[in-house]
file structure20.pdb (PDB, C-alpha atoms, pLDDT in the B column)
ATOM      1  CA  MET N   1      -5.439   4.784 -42.881  1.00 33.00           C
ATOM      2  CA  THR N   2      -1.913   5.951 -43.679  1.00 38.00           C
ATOM      3  CA  ASN N   3       0.154   8.450 -41.709  1.00 44.00           C
ATOM      4  CA  SER N   4      -0.350  10.969 -44.491  1.00 40.00           C
ATOM      5  CA  ASP N   5      -4.121  10.513 -44.398  1.00 40.00           C
ATOM      6  CA  THR N   6      -4.151  11.045 -40.640  1.00 46.00           C
ATOM      7  CA  ALA N   7      -2.028  14.169 -40.852  1.00 43.00           C
ATOM      8  CA  ARG N   8      -4.032  15.767 -43.692  1.00 46.00           C
ATOM      9  CA  PRO N   9      -7.760  15.385 -43.015  1.00 51.00           C
ATOM     10  CA  ASP N  10      -9.701  16.579 -46.066  1.00 61.00           C
ATOM     11  CA  ARG N  11     -12.461  18.062 -43.937  1.00 60.00           C
ATOM     12  CA  TYR N  12     -10.189  20.908 -42.796  1.00 64.00           C
ATOM     13  CA  LYS N  13      -8.706  21.892 -46.164  1.00 73.00           C
ATOM     14  CA  ALA N  14     -11.552  24.247 -47.086  1.00 80.00           C
ATOM     15  CA  LEU N  15     -11.492  27.690 -45.480  1.00 77.00           C
ATOM     16  CA  ASP N  16     -15.159  27.589 -44.496  1.00 82.00           C
ATOM     17  CA  ALA N  17     -14.622  24.215 -42.782  1.00 79.00           C
ATOM     18  CA  ALA N  18     -11.647  25.568 -40.834  1.00 80.00           C
ATOM     19  CA  ALA N  19     -13.637  28.642 -39.816  1.00 77.00           C
ATOM     20  CA  SER N  20     -16.565  26.462 -38.760  1.00 82.00           C
ATOM     21  CA  TYR N  21     -14.207  24.289 -36.674  1.00 76.00           C
ATOM     22  CA  ASP N  22     -12.869  27.391 -34.944  1.00 75.00           C
ATOM     23  CA  ASP N  23     -16.375  28.716 -34.294  1.00 80.00           C
ATOM     24  CA  THR N  24     -17.380  25.373 -32.781  1.00 81.00           C
ATOM     25  CA  ILE N  25     -14.497  25.557 -30.316  1.00 79.00           C
ATOM     26  CA  ARG N  26     -15.080  29.181 -29.368  1.00 81.00           C
ATOM     27  CA  ASN N  27     -18.866  28.894 -29.074  1.00 84.00           C
ATOM     28  CA  ALA N  28     -19.139  25.452 -27.519  1.00 82.00           C
ATOM     29  CA  GLY N  29     -21.789  24.511 -24.994  1.00 88.00           C
ATOM     30  CA  LEU N  30     -21.245  24.759 -21.242  1.00 88.00           C
ATOM     31  CA  PHE N  31     -19.931  21.216 -20.706  1.00 86.00           C
ATOM     32  CA  ARG N  32     -17.563  21.343 -23.669  1.00 85.00           C
ATOM     33  CA  ARG N  33     -16.230  24.738 -22.579  1.00 89.00           C
ATOM     34  CA  TRP N  34     -15.616  23.305 -19.107  1.00 93.00           C
ATOM     35  CA  SER N  35     -13.858  20.282 -20.625  1.00 92.00           C
ATOM     36  CA  HIS N  36     -11.672  22.485 -22.840  1.00 92.00           C
ATOM     37  CA  HIS N  37     -10.842  24.657 -19.822  1.00 94.00           C
ATOM     38  CA  LYS N  38      -9.750  21.642 -17.774  1.00 97.00           C
ATOM     39  CA  GLU N  39      -7.571  20.383 -20.640  1.00 97.00           C
ATOM     40  CA  LEU N  40      -5.968  23.809 -20.941  1.00 97.00           C
ATOM     41  CA  GLN N  41      -5.265  23.847 -17.209  1.00 98.00           C
ATOM     42  CA  ALA N  42      -3.528  20.466 -17.510  1.00 98.00           C
ATOM     43  CA  LEU N  43      -1.383  21.861 -20.326  1.00 98.00           C
ATOM     44  CA  GLN N  44      -0.520  24.933 -18.253  1.00 98.00           C
ATOM     45  CA  ARG N  45       0.600  22.706 -15.357  1.00 98.00           C
ATOM     46  CA  ALA N  46       2.826  20.775 -17.744  1.00 98.00           C
ATOM     47  CA  LEU N  47       4.310  23.960 -19.215  1.00 98.00           C
ATOM     48  CA  SER N  48       5.029  25.375 -15.758  1.00 98.00           C
ATOM     49  CA  ARG N  49       7.639  22.636 -15.175  1.00 97.00           C
ATOM     50  CA  ILE N  50       9.687  23.108 -18.335  1.00 98.00           C
ATOM     51  CA  HIS N  51      12.192  25.719 -19.454  1.00 97.00           C
ATOM     52  CA  GLY N  52      13.275  27.007 -22.833  1.00 98.00           C
ATOM     53  CA  THR N  53      12.776  29.838 -25.290  1.00 98.00           C
ATOM     54  CA  SER N  54      11.315  28.063 -28.333  1.00 98.00           C
ATOM     55  CA  ILE N  55       8.448  25.656 -28.936  1.00 98.00           C
ATOM     56  CA  LEU N  56       6.713  24.105 -31.929  1.00 98.00           C
ATOM     57  CA  ASP N  57       2.935  23.703 -31.796  1.00 98.00           C
ATOM     58  CA  GLY N  58       2.085  20.921 -34.214  1.00 97.00           C
ATOM     59  CA  PRO N  59      -0.487  20.403 -35.454  1.00 96.00           C
ATOM     60  CA  CYS N  60      -1.673  23.816 -34.330  1.00 96.00           C
ATOM     61  CA  GLY N  61      -5.142  23.874 -35.876  1.00 93.00           C
ATOM     62  CA  THR N  62      -6.603  27.355 -35.562  1.00 93.00           C
ATOM     63  CA  GLY N  63      -4.295  28.254 -32.666  1.00 93.00           C
ATOM     64  CA  ARG N  64      -6.358  27.357 -29.643  1.00 92.00           C
ATOM     65  CA  ILE N  65      -3.265  27.123 -27.393  1.00 96.00           C
ATOM     66  CA  HIS N  66      -1.159  29.839 -29.036  1.00 96.00           C
ATOM     67  CA  GLU N  67      -1.832  32.470 -26.388  1.00 94.00           C
ATOM     68  CA  VAL N  68      -0.790  30.113 -23.591  1.00 96.00           C
ATOM     69  CA  LEU N  69       2.441  29.205 -25.378  1.00 97.00           C
ATOM     70  CA  ALA N  70       3.241  32.817 -26.248  1.00 96.00           C
ATOM     71  CA  GLN N  71       3.065  33.786 -22.578  1.00 95.00           C
ATOM     72  CA  GLN N  72       6.032  31.505 -21.800  1.00 96.00           C
ATOM     73  CA  PHE N  73       8.101  31.171 -24.979  1.00 97.00           C
ATOM     74  CA  THR N  74       9.708  33.969 -26.973  1.00 96.00           C
ATOM     75  CA  GLU N  75       9.586  31.858 -30.151  1.00 96.00           C
ATOM     76  CA  VAL N  76       6.373  29.984 -30.966  1.00 97.00           C
ATOM     77  CA  ALA N  77       6.222  28.198 -34.322  1.00 97.00           C
ATOM     78  CA  SER N  78       2.853  26.865 -35.434  1.00 97.00           C
ATOM     79  CA  MET N  79       2.530  24.098 -38.030  1.00 97.00           C
ATOM     80  CA  ASP N  80      -0.486  22.417 -39.563  1.00 96.00           C
ATOM     81  CA  SER N  81      -1.214  20.380 -42.679  1.00 95.00           C
ATOM     82  CA  SER N  82      -4.143  22.647 -43.585  1.00 94.00           C
ATOM     83  CA  GLU N  83      -3.421  26.067 -45.062  1.00 94.00           C
ATOM     84  CA  SER N  84      -6.992  27.044 -44.237  1.00 94.00           C
ATOM     85  CA  MET N  85      -6.479  26.265 -40.547  1.00 93.00           C
ATOM     86  CA  LEU N  86      -3.323  28.375 -40.629  1.00 95.00           C
ATOM     87  CA  ARG N  87      -5.218  31.282 -42.212  1.00 92.00           C
ATOM     88  CA  VAL N  88      -7.772  31.197 -39.395  1.00 93.00           C
ATOM     89  CA  HIS N  89      -4.906  30.902 -36.885  1.00 93.00           C
ATOM     90  CA  GLN N  90      -3.292  34.030 -38.367  1.00 92.00           C
ATOM     91  CA  ARG N  91      -6.590  35.862 -38.152  1.00 90.00           C
ATOM     92  CA  ASN N  92      -6.932  34.915 -34.490  1.00 88.00           C
ATOM     93  CA  SER N  93      -3.389  35.490 -33.254  1.00 86.00           C
ATOM     94  CA  GLY N  94      -1.892  37.951 -35.726  1.00 77.00           C
ATOM     95  CA  SER N  95       1.599  36.858 -34.711  1.00 70.00           C
ATOM     96  CA  GLY N  96       4.027  33.960 -34.689  1.00 77.00           C
ATOM     97  CA  VAL N  97       5.726  31.773 -37.277  1.00 87.00           C
ATOM     98  CA  LEU N  98       3.259  29.732 -39.340  1.00 94.00           C
ATOM     99  CA  CYS N  99       4.265  26.767 -41.497  1.00 95.00           C
ATOM    100  CA  CYS N 100       2.311  24.240 -43.553  1.00 96.00           C
ATOM    101  CA  GLY N 101       3.604  20.682 -43.264  1.00 96.00           C
ATOM    102  CA  ASN N 102       3.053  17.036 -42.385  1.00 96.00           C
ATOM    103  CA  ILE N 103       3.364  16.091 -38.713  1.00 97.00           C
ATOM    104  CA  PHE N 104       4.950  12.765 -39.734  1.00 98.00           C
ATOM    105  CA  ASP N 105       7.551  14.482 -41.926  1.00 97.00           C
ATOM    106  CA  LEU N 106       8.294  17.766 -40.214  1.00 97.00           C
ATOM    107  CA  PRO N 107       9.978  20.433 -42.369  1.00 96.00           C
ATOM    108  CA  PHE N 108      12.504  21.328 -39.661  1.00 97.00           C
ATOM    109  CA  ALA N 109      16.066  20.289 -38.877  1.00 98.00           C
ATOM    110  CA  ASP N 110      16.830  18.058 -35.902  1.00 98.00           C
ATOM    111  CA  ALA N 111      16.550  19.801 -32.515  1.00 98.00           C
ATOM    112  CA  SER N 112      15.155  23.006 -34.028  1.00 98.00           C
ATOM    113  CA  PHE N 113      13.108  23.833 -30.918  1.00 98.00           C
ATOM    114  CA  ASP N 114      13.552  23.418 -27.184  1.00 98.00           C
ATOM    115  CA  TRP N 115      10.171  21.695 -26.964  1.00 98.00           C
ATOM    116  CA  VAL N 116       7.396  20.378 -29.178  1.00 98.00           C
ATOM    117  CA  VAL N 117       3.774  20.316 -28.081  1.00 98.00           C
ATOM    118  CA  CYS N 118       1.380  17.987 -29.894  1.00 98.00           C
ATOM    119  CA  TYR N 119      -2.055  18.906 -28.628  1.00 97.00           C
ATOM    120  CA  ARG N 120      -5.176  16.776 -29.179  1.00 94.00           C
ATOM    121  CA  LEU N 121      -3.847  14.482 -31.921  1.00 96.00           C
ATOM    122  CA  PHE N 122      -2.331  11.397 -30.313  1.00 97.00           C
ATOM    123  CA  HIS N 123      -5.695   9.898 -29.326  1.00 94.00           C
ATOM    124  CA  HIS N 124      -6.745   9.948 -32.996  1.00 92.00           C
ATOM    125  CA  MET N 125      -3.995   7.499 -33.948  1.00 95.00           C
ATOM    126  CA  GLN N 126      -5.464   4.116 -34.837  1.00 92.00           C
ATOM    127  CA  ASN N 127      -2.646   1.696 -33.990  1.00 95.00           C
ATOM    128  CA  HIS N 128       0.643   1.273 -32.174  1.00 97.00           C
ATOM    129  CA  GLU N 129       2.743   1.965 -35.259  1.00 98.00           C
ATOM    130  CA  GLN N 130       1.058   5.327 -35.916  1.00 97.00           C
ATOM    131  CA  ARG N 131       1.454   6.379 -32.284  1.00 98.00           C
ATOM    132  CA  VAL N 132       5.151   5.552 -32.231  1.00 98.00           C
ATOM    133  CA  ALA N 133       5.699   7.230 -35.611  1.00 98.00           C
ATOM    134  CA  LEU N 134       4.001  10.411 -34.392  1.00 98.00           C
ATOM    135  CA  LEU N 135       6.136  10.669 -31.257  1.00 98.00           C
ATOM    136  CA  LYS N 136       9.338   9.817 -33.116  1.00 98.00           C
ATOM    137  CA  SER N 137       8.637  12.599 -35.583  1.00 98.00           C
ATOM    138  CA  VAL N 138       8.048  15.314 -32.991  1.00 98.00           C
ATOM    139  CA  ARG N 139      10.928  14.041 -30.830  1.00 98.00           C
ATOM    140  CA  ARG N 140      13.359  14.578 -33.677  1.00 98.00           C
ATOM    141  CA  VAL N 141      12.873  18.354 -33.771  1.00 98.00           C
ATOM    142  CA  GLY N 142      12.708  18.900 -29.994  1.00 98.00           C
ATOM    143  CA  ARG N 143      16.005  19.493 -28.161  1.00 98.00           C
ATOM    144  CA  GLN N 144      14.713  18.814 -24.666  1.00 98.00           C
ATOM    145  CA  GLY N 145      11.510  16.892 -25.067  1.00 98.00           C
ATOM    146  CA  VAL N 146       7.878  16.597 -26.070  1.00 98.00           C
ATOM    147  CA  ILE N 147       4.513  17.411 -24.530  1.00 98.00           C
ATOM    148  CA  PHE N 148       1.464  15.679 -25.961  1.00 98.00           C
ATOM    149  CA  SER N 149      -2.156  15.197 -24.973  1.00 98.00           C
ATOM    150  CA  ALA N 150      -3.485  11.660 -24.686  1.00 98.00           C
ATOM    151  CA  TRP N 151      -6.324   9.607 -23.283  1.00 97.00           C
ATOM    152  CA  ILE N 152      -5.192   7.277 -20.479  1.00 98.00           C
ATOM    153  CA  ASP N 153      -7.429   4.872 -18.564  1.00 98.00           C
ATOM    154  CA  THR N 154      -8.558   5.951 -15.099  1.00 98.00           C
ATOM    155  CA  PRO N 155     -10.183   3.738 -12.437  1.00 97.00           C
ATOM    156  CA  VAL N 156     -13.643   4.960 -13.470  1.00 97.00           C
ATOM    157  CA  ASN N 157     -13.281   5.867 -17.145  1.00 96.00           C
ATOM    158  CA  ARG N 158     -11.758   4.121 -20.116  1.00 94.00           C
ATOM    159  CA  ARG N 159     -12.738   4.286 -23.774  1.00 93.00           C
ATOM    160  CA  ARG N 160     -12.803   1.116 -25.863  1.00 88.00           C
ATOM    161  CA  GLY N 161     -15.867   1.442 -28.085  1.00 77.00           C
ATOM    162  CA  SER N 162     -14.849   4.333 -30.333  1.00 72.00           C
ATOM    163  CA  ARG N 163     -12.048   5.308 -32.710  1.00 78.00           C
ATOM    164  CA  ARG N 164     -10.736   7.585 -29.969  1.00 83.00           C
ATOM    165  CA  ARG N 165      -9.790   4.865 -27.516  1.00 91.00           C
ATOM    166  CA  SER N 166      -7.919   5.421 -24.290  1.00 96.00           C
ATOM    167  CA  LEU N 167      -4.788   3.440 -23.465  1.00 97.00           C
ATOM    168  CA  THR N 168      -3.351   2.030 -20.273  1.00 97.00           C
ATOM    169  CA  ARG N 169      -0.410   3.791 -18.645  1.00 98.00           C
ATOM    170  CA  LYS N 170       1.805   0.812 -19.484  1.00 98.00           C
ATOM    171  CA  GLU N 171       0.834   1.101 -23.156  1.00 98.00           C
ATOM    172  CA  ILE N 172       1.683   4.802 -23.150  1.00 98.00           C
ATOM    173  CA  GLU N 173       5.018   4.156 -21.429  1.00 98.00           C
ATOM    174  CA  ALA N 174       5.926   1.456 -23.968  1.00 98.00           C
ATOM    175  CA  ILE N 175       5.081   3.747 -26.889  1.00 98.00           C
ATOM    176  CA  CYS N 176       7.149   6.571 -25.432  1.00 98.00           C
ATOM    177  CA  THR N 177      10.131   4.303 -24.779  1.00 98.00           C
ATOM    178  CA  GLU N 178      10.014   2.971 -28.324  1.00 98.00           C
ATOM    179  CA  ALA N 179       9.920   6.562 -29.604  1.00 98.00           C
ATOM    180  CA  GLY N 180      12.986   7.511 -27.540  1.00 98.00           C
ATOM    181  CA  LEU N 181      11.123   9.380 -24.806  1.00 98.00           C
ATOM    182  CA  LYS N 182      10.788   9.060 -21.031  1.00 98.00           C
ATOM    183  CA  ILE N 183       7.653  10.219 -19.238  1.00 98.00           C
ATOM    184  CA  THR N 184       8.356  12.721 -16.470  1.00 98.00           C
ATOM    185  CA  HIS N 185       4.804  13.831 -15.628  1.00 98.00           C
ATOM    186  CA  ILE N 186       1.188  13.088 -16.493  1.00 98.00           C
ATOM    187  CA  ASP N 187      -1.356  15.829 -15.800  1.00 98.00           C
ATOM    188  CA  PHE N 188      -4.979  14.722 -15.988  1.00 98.00           C
ATOM    189  CA  ALA N 189      -7.612  17.244 -16.963  1.00 98.00           C
ATOM    190  CA  SER N 190     -10.227  15.910 -14.572  1.00 97.00           C
ATOM    191  CA  TRP N 191      -8.977  12.870 -12.655  1.00 97.00           C
ATOM    192  CA  PRO N 192     -10.506  10.278 -12.378  1.00 97.00           C
ATOM    193  CA  PHE N 193     -13.626  11.220 -14.330  1.00 96.00           C
ATOM    194  CA  GLN N 194     -12.024  11.769 -17.740  1.00 95.00           C
ATOM    195  CA  PRO N 195      -9.123   9.988 -19.454  1.00 97.00           C
ATOM    196  CA  LYS N 196      -7.903  13.243 -21.031  1.00 97.00           C
ATOM    197  CA  CYS N 197      -4.404  14.185 -19.929  1.00 98.00           C
ATOM    198  CA  VAL N 198      -1.165  15.899 -20.923  1.00 98.00           C
ATOM    199  CA  VAL N 199       2.045  13.841 -20.983  1.00 98.00           C
ATOM    200  CA  THR N 200       5.453  15.466 -20.565  1.00 98.00           C
ATOM    201  CA  CYS N 201       8.477  13.552 -21.825  1.00 98.00           C
ATOM    202  CA  ASP N 202      12.226  14.097 -21.816  1.00 98.00           C
ATOM    203  CA  LYS N 203      14.348  12.731 -24.649  1.00 97.00           C
ATOM    204  CA  LEU N 204      16.264   9.553 -23.826  1.00 95.00           C
TER     205      LEU N 204
END
call {"tool": "encode", "arguments": {"input": "structure20.pdb", "output": "structure tokens"}}
result
Amino acid sequence: MTNSDTARPDRYKALDAAASYDDTIRNAGLFRRWSHHKELQALQRALSRIHGTSILDGPCGTGRIHEVLAQQFTEVASMDSSESMLRVHQRNSGSGVLCCGNIFDLPFADASFDWVVCYRLFHHMQNHEQRVALLKSVRRVGRQGVIFSAWIDTPVNRRRGSRRRSLTRKEIEAICTEAGLKITHIDFASWPFQPKCVVTCDKL
């Protein structure tokens, strides 16, 4: 799978598919709603430690974290490779700057935003090279740093049997260093039961 293939999944290009994705998130079962809530809390803890006026949400999907970002930042730019996802995002939020683009080739100048948040994508990357390329790309347009969600091994939960595998903390640290980032905090959604977490990084 190439970077371009990862950044532009065909299943989300159709408007009905994007709308169905959004409905699935908003009308999830009890456990999934609880899991989403815990992930959002981890993101909010991460955001509470940073300062700035502008942030890029990429890829933004249908805008599941837009409201949280808009509460803290005066400028929230949302980017996704799917125009259909952006249309649903616009329907949901009704505000903000929306842009269609490739997460591995961002259509923004260097240091265009104080921060970049990359929510629920990193764990889909299939190899070390893709992970480093993703973080290098978002790092380029962030002045201060990057926040991204990841799956990191815990003492009682690690994922090795699926495409969405978790990584060790040392693996995550090595990837970040290679991408020009330094981890400042890791906020787990539900330690130690789930590997889902939010990683905050400053630029080196």
call {"tool": "atom_distance", "arguments": {"input": "structure20.pdb", "atom1": "atom CA of Gly101 of chain N", "atom2": "atom CA of Tyr119 of chain N"}}
result
15.8 Å
call {"tool": "residues_near_point", "arguments": {"input": "structure20.pdb", "point": "(-1.1, 30.2, -28.8)", "cutoff": "12 Å", "atoms": "only C-alpha atoms", "output": "number ranges by chain"}}
result
N: 40, 43-44, 55-79, 89-90, 92-98, 117, 119
call {"tool": "residues_near_point", "arguments": {"input": "structure20.pdb", "point": "(-4.0, 14.2, -23.6)", "cutoff": "8 Å", "atoms": "only C-alpha atoms", "output": "number ranges by chain"}}
result
N: 39, 119-120, 122-123, 148-152, 188, 195-199
call {"tool": "closest_residue", "arguments": {"input": "structure20.pdb", "among": "N:Cys201, N:Cys99, N:Ile172, N:Leu167", "to": "Val138 of chain N", "atoms": "all atoms listed in the file"}}
result
N:Cys201
call {"tool": "atom_distance", "arguments": {"input": "structure20.pdb", "atom1": "atom CA of Gly145 of chain N", "atom2": "atom CA of Arg49 of chain N"}}
result
12.1 Å
call {"tool": "build_atoms", "arguments": {"input": "structure20.pdb", "residues": "segment 181-193 of chain N", "atoms": "N, CA, C and O atoms", "output": "mmCIF file, in the coordinates of the input"}}
result
data_model
loop_
_atom_site.group_PDB
_atom_site.id
_atom_site.type_symbol
_atom_site.label_atom_id
_atom_site.label_comp_id
_atom_site.auth_asym_id
_atom_site.auth_seq_id
_atom_site.Cartn_x
_atom_site.Cartn_y
_atom_site.Cartn_z
ATOM 1 N N LEU N 181 11.571 8.404 -25.785
ATOM 2 C CA LEU N 181 11.123 9.380 -24.806
ATOM 3 C C LEU N 181 10.911 8.728 -23.443
ATOM 4 O O LEU N 181 10.600 7.533 -23.356
ATOM 5 N N LYS N 182 11.049 9.523 -22.386
ATOM 6 C CA LYS N 182 10.788 9.060 -21.031
ATOM 7 C C LYS N 182 9.784 9.986 -20.368
ATOM 8 O O LYS N 182 9.984 11.204 -20.304
ATOM 9 N N ILE N 183 8.696 9.422 -19.883
ATOM 10 C CA ILE N 183 7.653 10.219 -19.238
ATOM 11 C C ILE N 183 8.168 10.786 -17.919
ATOM 12 O O ILE N 183 8.707 10.063 -17.081
ATOM 13 N N THR N 184 7.992 12.083 -17.728
ATOM 14 C CA THR N 184 8.356 12.721 -16.470
ATOM 15 C C THR N 184 7.131 13.112 -15.648
ATOM 16 O O THR N 184 7.176 13.088 -14.415
ATOM 17 N N HIS N 185 6.036 13.473 -16.332
ATOM 18 C CA HIS N 185 4.804 13.831 -15.628
ATOM 19 C C HIS N 185 3.595 13.511 -16.499
ATOM 20 O O HIS N 185 3.681 13.564 -17.734
ATOM 21 N N ILE N 186 2.490 13.213 -15.833
ATOM 22 C CA ILE N 186 1.188 13.088 -16.493
ATOM 23 C C ILE N 186 0.208 13.955 -15.730
ATOM 24 O O ILE N 186 0.015 13.778 -14.521
ATOM 25 N N ASP N 187 -0.381 14.924 -16.409
ATOM 26 C CA ASP N 187 -1.356 15.829 -15.800
ATOM 27 C C ASP N 187 -2.735 15.537 -16.368
ATOM 28 O O ASP N 187 -2.991 15.786 -17.551
ATOM 29 N N PHE N 188 -3.617 15.011 -15.549
ATOM 30 C CA PHE N 188 -4.979 14.722 -15.988
ATOM 31 C C PHE N 188 -5.833 15.982 -15.942
ATOM 32 O O PHE N 188 -5.692 16.819 -15.039
ATOM 33 N N ALA N 189 -6.719 16.095 -16.905
ATOM 34 C CA ALA N 189 -7.612 17.244 -16.963
ATOM 35 C C ALA N 189 -8.651 17.211 -15.853
ATOM 36 O O ALA N 189 -8.965 18.248 -15.246
ATOM 37 N N SER N 190 -9.180 16.031 -15.590
ATOM 38 C CA SER N 190 -10.227 15.910 -14.572
ATOM 39 C C SER N 190 -10.211 14.496 -13.981
ATOM 40 O O SER N 190 -11.129 13.709 -14.184
ATOM 41 N N TRP N 191 -9.136 14.186 -13.276
ATOM 42 C CA TRP N 191 -8.977 12.870 -12.655
ATOM 43 C C TRP N 191 -10.038 12.657 -11.575
ATOM 44 O O TRP N 191 -10.322 13.563 -10.807
ATOM 45 N N PRO N 192 -10.644 11.435 -11.490
ATOM 46 C CA PRO N 192 -10.506 10.278 -12.378
ATOM 47 C C PRO N 192 -11.659 10.174 -13.384
ATOM 48 O O PRO N 192 -11.862 9.143 -13.981
ATOM 49 N N PHE N 193 -12.378 11.288 -13.572
ATOM 50 C CA PHE N 193 -13.626 11.220 -14.330
ATOM 51 C C PHE N 193 -13.415 11.200 -15.841
ATOM 52 O O PHE N 193 -14.257 10.689 -16.577
#
